[in-house]
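Some notes on the structure that comes next.
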Amino acid sequence: DQCFGALLKTKYNLKLLNVYVVDNNSTDKTIAKLKQFKEQYGSEFGAFSIIEEKTNWGFGIANNIGFSKGDAEYVCFLNIDTEVFADTFSELEKEVRNSNDDVALWEFRQFPYEHPKLYDPITKETDWASGAAFAVRRNVYSEVGGFDEEIFMYAEDVDLSWRIRSLGYKIHYTPRVKITHYSYES
């Protein structure tokens, strides 16, 4: 409810956002809630698809499935336990437009806690980006083969970041592109 409710409150043109939700065979009421949300608000987005998997494939495969459904030049990955701010996408658009071609991935700032890692305060470069909330160039994500599907969960984001950087691309931390990530709250 919080994740999708926040999307509705964004100050960004929702018709420019295509939403692809991959459900890894959940056993709760997730699918029913998603269908209800799609029925009420799906037409406000450029696209809104629910992909129901019959197996829990893990984080990497599910994200790769969602990625394969779209064709936008830039792809934003958001965990279901995140909540965007009203200006998240407009700030992201500014960051992307102001980045050089060698920047391939933009990591969002997570509230209330960040991952304990280094960010260069001048260049905004970082070694790896959290898989919870980031945007990436579609062509680069395709070039590296997406998330490694052998990694079920955890550290797949570090691996993806390493493979992107191994091709000479940069990863930027974007402090003005904010989300709340509830999994870090106690």
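In the structure tokens, the first chain shown is A, the next is B, and so on; residue numbers restart at 1 for each chain, and ligands run from 1 in the order shown.
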
Residue list (alpha helix (DSSP H), DSSP) for region 49-137 of chain A, as a PyMOL selection string:
chain A and resi 59-69+88-97

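Candidate residues A:Gln36, A:Ser90, A:Gln110, A:Asn98 were compared for distance to Phe4 (chain A), and the nearest is A:Gln36, using only C-alpha atoms.
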
Write out as a ChimeraX atom specification which residues come within 7 Å of region 134-138 of chain A when counting only C-alpha atoms, dropping same-chain ones fewer than 2 positions away.
/A:73-78,104-108,131-132,140-142

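The list of residues with at least one atom within 12 Å of Thr27 (chain A), based on only C-alpha atoms and without residues fewer than 4 positions apart in the same chain, reads Asp23, Ile31, Ala32, Glu52, Glu53, Lys54, Thr55 and Asn56 of chain A.
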
What would the file look like if the residues just selected were written as a compact mmCIF listing (two decimals), in the first residue's frame with N, CA and C atoms?
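Final output, result.txt:
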```txt
# COMPACT_ATOMS: atom_id res chain seq x y z
N ASP A 23 5.66 -10.95 -9.14
CA ASP A 23 5.34 -11.61 -7.87
C ASP A 23 5.94 -13.01 -7.89
N ILE A 31 -1.19 -10.45 -4.52
CA ILE A 31 -1.77 -10.44 -5.87
C ILE A 31 -3.13 -9.74 -5.86
N ALA A 32 -3.95 -10.04 -4.87
CA ALA A 32 -5.27 -9.40 -4.79
C ALA A 32 -5.12 -7.88 -4.64
N GLU A 52 2.69 -12.81 -12.61
CA GLU A 52 2.53 -13.80 -11.54
C GLU A 52 3.38 -15.04 -11.85
N GLU A 53 4.40 -15.24 -11.07
CA GLU A 53 5.26 -16.41 -11.22
C GLU A 53 4.75 -17.54 -10.33
N LYS A 54 4.92 -18.75 -10.78
CA LYS A 54 4.47 -19.93 -10.03
C LYS A 54 5.58 -20.50 -9.15
N THR A 55 6.75 -19.85 -9.20
CA THR A 55 7.91 -20.27 -8.42
C THR A 55 8.55 -19.03 -7.82
N ASN A 56 9.14 -19.16 -6.64
CA ASN A 56 9.92 -18.07 -6.07
C ASN A 56 11.33 -18.18 -6.65
```

When DSSP is applied to the backbone of this structure, which of chain A are assigned strand (DSSP E or B)? Write them out as a PyMOL selection string.
chain A and resi 18-24+47-53+74-78+82-84+103-111+119+125-126+133-137+170-181

Residues near Trp128 (chain A), anyone? I mean within 8 Å using only C-alpha atoms, not counting same-chain ones fewer than 4 positions away, as number ranges by chain.
A: 157-158, 161-162, 171

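Relative to CA of Arg109 (chain A), CA of Ile122 (chain A) is found at 16.0 Å.
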
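Shortest atom-to-atom contact with Tyr113 (chain A) among A:Lys35, A:His172, A:Lys178, A:Lys15: A:Lys178, counting only C-alpha atoms.
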
With distances taken over only C-alpha atoms, the candidate from A:Ser49, A:Gly58, A:Val21, A:Ile80 nearest Gly5 (chain A) is A:Ile80

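Among A:Tyr119, A:Phe111, A:Tyr173, A:Phe85, the residue with the shortest atom-to-atom distance to Lys11 (chain A), counting only C-alpha atoms, is A:Phe85.
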
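You will find CA of Ser166 (chain A) at 15.5 Å from CA of Asp101 (chain A).
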
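Between CA of Asp1 (chain A) and CA of Gln40 (chain A) the separation is 12.8 Å.
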